[in-house]
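Here's the structure we're looking at; comments come further down.
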Amino acid sequence: MTLPSFPSLDDLNEKIPTTEDINKKIAALYPSFSSQFDSLRQGYAVLWDYITMDDFRHMVADMEREFKDAVTYPEVAEDAYVRIGAGISQGEEAFLRKRKAKQKQAFADFIGVDVNEIDEEDIPVTAIASSGGGYRAMVGCAGYMKAMNDTGVLDLVTYLAGVSGSCWTFAQLYSPLADGSFDTLFSHFKSHVHTHLANVTNLVNILKASPDNSKILMQGIIERFYQQEGTINMVDVFGMMLGGTLLTKVETVSDDAKNDEVNLSGQAEYIQDGSLPMPIYCVVRHDLECEKRDGDAYQWFEFNPFEMGSEEINAWIPVWAFGRKFDNGKNTERLPEQTMSIMMGVFGSAFAASLAHFYQEIRTFVPKSALEKADGVFNRYQNSMSSFHPISPACFPNPFYNLFTATEQTPLATQNLLQSRELCLADAGLDNNLPFYPLLREDRKVDVIFAIDLSADIQTAPHLKRAEGYARRRGIEGWPKNAGWPKDGNSNDPYPLGTCTVFASQGYEGGKVHPINVVYFPLIINSNYDPEFDPQTCEFTSTWNFVYTPDQVSKLIGLAEQNWKDNVGTVCEVLKQVWMRKRADRLGKHLQMSRDEIMVA
């Protein structure tokens with residue numbers, strides 16, 4: 001395996017970069033990135049040596065027998081079917097009823113009105129869209145959520161959408177590891193992230209500790225080994241290492257670890273009474289043929305405690321059935337639910353980017369004198385570079401294979417999806433590091449999005465601009481126009497938006513358009529906290545750093561908390577204004593209905 005990058009800029013020529021050039025450039029620009037892959041390569045080699053042993057073959061045979069045991073895995077007693085439709089699932093509908101009922105008193109308390117003034121219909125539907133960014137995003141997201149919890153806002157949030165590192169936060173918070181407690185989650189971080197996730201010695205010790213330990217940790221890998229007909233890929237190994245680091249209570253796995261099994265469907269337990277928001281995990285499928293034709297090359301898929309699927313094809317399956325083979329809308333086999341460790345690897349697989357994506361990542365480091373020439377080479381070979389993934393994304397059996405017959409009006413990406421037996425998924429940050437798209441589904445009726453931007457390229461990446469383009473293509477008129485960082489660059493302040501900016505919808509016209517307001521929180525320096533700590537430039541907050549000390553965890557959490565608490569007044573004003581508008585709309589509709597009834601009479 002080689003590392004993706006771009007050729008040396010001192011000697012650009014009119015040809016596609018060599019592998020040696022690629023590796024040298026990425027090593028120079030991101031030395032920690034290269035070291036992470038050195039560790040992953042070692043882990044891959046160790047794991048491959050392990051799975052070629054006879055003991056592993058016996059373990060596979062044992063697990064295949066267990067996979068048919070409905071006592072151990074109740075889901076294998078059920079067949080799964082594809083649900084076709086744009087609406088939300090029955091499980092989500094039940095959650096919404098419980099969540100809304102829980103929010104009434106909390107909302108009244110937060111905006112400072114009597115609870116008798118609140119009608120559940122008028123309470124703003126709010127959501128968090130939290131970006132990727134490795135451990136920086138994982139820890140920072142938790143810090144913002146803790147501050148929201150402390151100030152009473154988290155009780156008002158209905159959905160949590162995450163990319164990459166933020167998904168890792170959700171995976172641990174909604175599990176027996178943290179049990180929904182932020183204090184427990186922070187303690188868990190501090191006791192686990194000081195050890196590198198790709199620590200090969202630790203991996204070997206755990207695998208060799210006992211057959212039971214190996215089986216528990218290797219379940220996800222064994223499922224993938226089966227699905228991929230006797231092989232695994234780098235994303236699988238990355239997920240296993242993430243799981244070994246973040247999803248364990250101790251460094252070795254105890255015999256009762258199955259009692260603390262972590263998976264997506266199990267997270268329904270934490271939201272079924274409406275006490276916590278519903279998590280949404282985002283990934284993308286990269287359609288290479290659409291990329292070559294300059295079409296919409298990325299399709300978004302979501303995973304939540306009830307279903308996985310895509311609003312772009314309006315097709316969904318029970319989340320516990322992901323990983324099974326399907327044909328014509330029904331599973332053709334019964335397998336246990338995919339493990340959370342494997343899914344965490346998929347959610348955070350930014351290294352499975354195309355070569356073109358890596359060029360965009362390093363472009364800001366290119367000297368201005370060479371930039372024009374570099375861009376010229378990139379533009380000339382953009383199609384081929386966009387279609388080349390040096391590291392393959394994770395591929396699973398496609399649950400939407402042969403689902404329906406495509407027509408000429410069916411988008412090309414959907415046609416290709418329906419004809420493919422594989423569904424290859426990667427980190428959604430490859431398309432947009434802020435996961436707005438699942439929050440724009442019509443039936444979710446989201447009014448306010450708290451955009452928690454934990455990205456490294458916070459001022460240059462077009463997250464908000466891309467979301468505006470997506471909304472325009474989907475006919476979503478209420479999205480705020482021209483949201484994003486100022487383009488003139490004349491400000492003396494490196495972060496002119498500050499720690500909070502409201503991008504209000506301009507599309508509201510007396511109820512004809514559903515307005516969506518975005519409250520943007522970039523993870524940036526805050527002089528009220530520590531004028532010397534800038535997570536955009538600090539070494540330990542690099543996206544590719546996977547080792548934090550307990551003090552560094554506390555430092556980053558503290559900044560996120562301060563950035564939120566400094567702006568609670570702004571949040572309160574936004575929510576109160578949306579409530580007043582929805583209330584006026586409802587009362588106006590009722591008044592109009594009464595007038596219509598009088599006219600009829």
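In the structure tokens, each chain is lettered A, B, ... as it comes, each chain's residues begin at 1, and ligands are numbered from 1 in order of appearance.
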Give me, as a Markdown table, each residue of segment 398-437 of chain A that comes within 7 Å of segment 316-326 of chain A, together with its shortest interatomic pair and the distance in Å at one decimal, counting only C-alpha atoms, with rows ordered by chain and rising residue number.
| residue | atom | partner | partner_atom | distance |
| --- | --- | --- | --- | --- |
| A:Asn398 | CA | A:Lys325 | CA | 6.5 |
| A:Pro399 | CA | A:Phe326 | CA | 4.8 |
| A:Phe400 | CA | A:Phe326 | CA | 6.9 |
| A:Tyr401 | CA | A:Phe326 | CA | 6.5 |
Output file for the residues above (all heavy atoms, as a PDB file, in the first residue's frame):
ATOM      1  N   ASN A 398     -24.578  -4.829  -1.257  1.00  0.00           N
ATOM      2  CA  ASN A 398     -25.463  -3.705  -1.538  1.00  0.00           C
ATOM      3  C   ASN A 398     -26.918  -4.082  -1.263  1.00  0.00           C
ATOM      4  O   ASN A 398     -27.509  -4.886  -1.990  1.00  0.00           O
ATOM      5  CB  ASN A 398     -25.301  -3.283  -3.005  1.00  0.00           C
ATOM      6  CG  ASN A 398     -26.214  -2.132  -3.387  1.00  0.00           C
ATOM      7  OD1 ASN A 398     -26.807  -1.483  -2.539  1.00  0.00           O
ATOM      8  ND2 ASN A 398     -26.329  -1.878  -4.684  1.00  0.00           N
ATOM      9  N   PRO A 399     -27.539  -3.497  -0.236  1.00  0.00           N
ATOM     10  CA  PRO A 399     -28.933  -3.867   0.065  1.00  0.00           C
ATOM     11  C   PRO A 399     -29.930  -3.380  -0.979  1.00  0.00           C
ATOM     12  O   PRO A 399     -31.086  -3.807  -0.978  1.00  0.00           O
ATOM     13  CB  PRO A 399     -29.189  -3.188   1.417  1.00  0.00           C
ATOM     14  CG  PRO A 399     -28.220  -2.068   1.485  1.00  0.00           C
ATOM     15  CD  PRO A 399     -27.005  -2.514   0.725  1.00  0.00           C
ATOM     16  N   PHE A 400     -29.475  -2.498  -1.872  1.00  0.00           N
ATOM     17  CA  PHE A 400     -30.384  -1.921  -2.867  1.00  0.00           C
ATOM     18  C   PHE A 400     -30.137  -2.501  -4.259  1.00  0.00           C
ATOM     19  O   PHE A 400     -30.650  -1.975  -5.253  1.00  0.00           O
ATOM     20  CB  PHE A 400     -30.241  -0.397  -2.865  1.00  0.00           C
ATOM     21  CG  PHE A 400     -30.301   0.175  -1.472  1.00  0.00           C
ATOM     22  CD1 PHE A 400     -29.177   0.747  -0.893  1.00  0.00           C
ATOM     23  CD2 PHE A 400     -31.457   0.083  -0.728  1.00  0.00           C
ATOM     24  CE1 PHE A 400     -29.216   1.238   0.400  1.00  0.00           C
ATOM     25  CE2 PHE A 400     -31.517   0.572   0.575  1.00  0.00           C
ATOM     26  CZ  PHE A 400     -30.389   1.151   1.132  1.00  0.00           C
ATOM     27  N   TYR A 401     -29.378  -3.580  -4.307  1.00  0.00           N
ATOM     28  CA  TYR A 401     -29.121  -4.247  -5.583  1.00  0.00           C
ATOM     29  C   TYR A 401     -30.424  -4.763  -6.197  1.00  0.00           C
ATOM     30  O   TYR A 401     -31.236  -5.407  -5.525  1.00  0.00           O
ATOM     31  CB  TYR A 401     -28.144  -5.407  -5.369  1.00  0.00           C
ATOM     32  CG  TYR A 401     -27.990  -6.305  -6.565  1.00  0.00           C
ATOM     33  CD1 TYR A 401     -27.390  -5.839  -7.737  1.00  0.00           C
ATOM     34  CD2 TYR A 401     -28.460  -7.611  -6.535  1.00  0.00           C
ATOM     35  CE1 TYR A 401     -27.266  -6.660  -8.851  1.00  0.00           C
ATOM     36  CE2 TYR A 401     -28.323  -8.442  -7.636  1.00  0.00           C
ATOM     37  CZ  TYR A 401     -27.735  -7.950  -8.798  1.00  0.00           C
ATOM     38  OH  TYR A 401     -27.622  -8.773  -9.896  1.00  0.00           O
TER      39      TYR A 401
END
So, with only C-alpha atoms as the atoms that count, which of A:Val76, A:Val568, A:Val284, A:Val125 lies closest to Pro515 of chain A?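 Among A:Val76, A:Val568, A:Val284, A:Val125, it is A:Val125 that comes nearest to Pro515 of chain A.
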I'd like the interatomic distance between atom CA of Leu173 of chain A and atom CA of Ser341 of chain A, to a tenth of an Å.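 These two atoms are separated by 14.1 Å.
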Looking at A:Met234, A:Leu247, A:Arg581, A:Glu223, which one is nearest to Pro176 of chain A, with distances taken over only C-alpha atoms?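 Using only C-alpha atoms, Pro176 of chain A sits closest to A:Leu247.
Contact shell of Ala394 of chain A at 8 Å (only C-alpha atoms; same-chain neighbours under 2 positions omitted): Asn233, Val235, Asp236, Val346, Ser392, Phe396, Cys424, Leu425 and Ala426 of chain A.
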Which one is closest to Lys576 of chain A: A:Glu93, A:Asp427, A:Asp296, A:Asp447? Count only C-alpha atoms.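 Distance minimum relative to Lys576 of chain A lands on A:Asp447.
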Gln459 of chain A: which residues within 12 Å, counting only C-alpha atoms, same-chain residues fewer than 6 positions away excluded, as a PyMOL selection string? chain A and resi 364+453+465+484-489+494-498+522-524+536
Report as a Markdown table the residues of segment 146-179 of chain A within 10 Å of segment 100-106 of chain A, each with its shortest atom pair and distance in Å (one decimal), using only C-alpha atoms, ordered by chain and increasing residue number.
| residue | atom | partner | partner_atom | distance |
| --- | --- | --- | --- | --- |
| A:Gly152 | CA | A:Ala106 | CA | 7.1 |
| A:Val153 | CA | A:Ala106 | CA | 8.3 |
| A:Leu154 | CA | A:Ala106 | CA | 9.6 |
| A:Asp155 | CA | A:Gln103 | CA | 6.4 |
| A:Leu156 | CA | A:Gln103 | CA | 5.8 |
| A:Val157 | CA | A:Gln103 | CA | 8.7 |
| A:Thr158 | CA | A:Lys100 | CA | 8.3 |
Nearby residues (only C-alpha atoms) at most 8 Å from Gly348 of chain A, same-chain spacing under 6 positions excluded, as a short mmCIF file (atom, residue, chain, number, x, y, z; two decimals) with C-alpha atoms, in the first residue's frame:
data_model
loop_
_atom_site.label_atom_id
_atom_site.label_comp_id
_atom_site.auth_asym_id
_atom_site.auth_seq_id
_atom_site.Cartn_x
_atom_site.Cartn_y
_atom_site.Cartn_z
CA GLY A 132 -15.17 15.52 11.17
CA GLY A 134 -10.17 13.01 13.92
CA VAL A 163 -19.18 13.06 10.20
CA SER A 164 -16.05 11.08 11.00
CA GLY A 165 -14.67 12.01 14.45
CA CYS A 167 -19.50 9.93 14.84
CA ALA A 426 -16.41 6.25 2.96
CA ASP A 427 -16.09 9.24 5.26
#
Could you name the residues that touch segment 552-559 of chain A at 8 Å or less, counting only C-alpha atoms, but leaving out those on the same chain fewer than 6 positions away, as a PyMOL selection string? chain A and resi 136+139-140+142-144+186+189-190+525-526+529-530+535+540
Written file, previous selection with N, CA and C atoms, as a PDB file, in the first residue's frame:
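In the end it all went to again_17.pdb:
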ATOM      1  N   ARG A 136      -9.615  15.560  17.303  1.00  0.00           N
ATOM      2  CA  ARG A 136      -9.995  16.946  17.573  1.00  0.00           C
ATOM      3  C   ARG A 136     -11.517  17.087  17.490  1.00  0.00           C
ATOM      4  N   VAL A 139     -13.292  14.936  20.469  1.00  0.00           N
ATOM      5  CA  VAL A 139     -13.240  15.581  21.780  1.00  0.00           C
ATOM      6  C   VAL A 139     -13.982  16.919  21.753  1.00  0.00           C
ATOM      7  N   GLY A 140     -13.770  17.707  20.685  1.00  0.00           N
ATOM      8  CA  GLY A 140     -14.426  19.006  20.585  1.00  0.00           C
ATOM      9  C   GLY A 140     -15.936  18.896  20.531  1.00  0.00           C
ATOM     10  N   ALA A 142     -17.773  16.576  21.833  1.00  0.00           N
ATOM     11  CA  ALA A 142     -18.228  16.245  23.184  1.00  0.00           C
ATOM     12  C   ALA A 142     -18.239  17.484  24.075  1.00  0.00           C
ATOM     13  N   GLY A 143     -17.228  18.361  23.901  1.00  0.00           N
ATOM     14  CA  GLY A 143     -17.182  19.591  24.690  1.00  0.00           C
ATOM     15  C   GLY A 143     -18.354  20.507  24.403  1.00  0.00           C
ATOM     16  N   TYR A 144     -18.680  20.702  23.128  1.00  0.00           N
ATOM     17  CA  TYR A 144     -19.837  21.521  22.769  1.00  0.00           C
ATOM     18  C   TYR A 144     -21.137  20.910  23.309  1.00  0.00           C
ATOM     19  N   PHE A 186     -15.909  11.871  29.263  1.00  0.00           N
ATOM     20  CA  PHE A 186     -14.630  12.578  29.364  1.00  0.00           C
ATOM     21  C   PHE A 186     -13.593  11.726  30.095  1.00  0.00           C
ATOM     22  N   PHE A 189     -12.411   9.158  27.658  1.00  0.00           N
ATOM     23  CA  PHE A 189     -11.432   9.727  26.729  1.00  0.00           C
ATOM     24  C   PHE A 189     -10.045   9.762  27.366  1.00  0.00           C
ATOM     25  N   LYS A 190      -9.974  10.313  28.558  1.00  0.00           N
ATOM     26  CA  LYS A 190      -8.673  10.533  29.203  1.00  0.00           C
ATOM     27  C   LYS A 190      -7.940   9.230  29.503  1.00  0.00           C
ATOM     28  N   ILE A 525      -9.856  29.992  18.312  1.00  0.00           N
ATOM     29  CA  ILE A 525      -9.283  30.611  19.500  1.00  0.00           C
ATOM     30  C   ILE A 525     -10.314  31.525  20.170  1.00  0.00           C
ATOM     31  N   ASN A 526     -10.266  31.563  21.499  1.00  0.00           N
ATOM     32  CA  ASN A 526     -11.174  32.410  22.267  1.00  0.00           C
ATOM     33  C   ASN A 526     -10.364  33.093  23.362  1.00  0.00           C
ATOM     34  N   TYR A 529     -10.941  32.455  26.966  1.00  0.00           N
ATOM     35  CA  TYR A 529     -10.528  31.156  27.525  1.00  0.00           C
ATOM     36  C   TYR A 529      -9.012  31.089  27.655  1.00  0.00           C
ATOM     37  N   ASP A 530      -8.328  31.140  26.522  1.00  0.00           N
ATOM     38  CA  ASP A 530      -6.860  31.133  26.511  1.00  0.00           C
ATOM     39  C   ASP A 530      -6.415  31.776  25.205  1.00  0.00           C
ATOM     40  N   PRO A 535      -6.765  26.025  18.194  1.00  0.00           N
ATOM     41  CA  PRO A 535      -6.818  24.638  17.720  1.00  0.00           C
ATOM     42  C   PRO A 535      -6.569  24.499  16.221  1.00  0.00           C
ATOM     43  N   PHE A 540      -0.952  19.522  18.764  1.00  0.00           N
ATOM     44  CA  PHE A 540      -1.620  18.309  19.248  1.00  0.00           C
ATOM     45  C   PHE A 540      -3.041  18.166  18.707  1.00  0.00           C
TER      46      PHE A 540
END
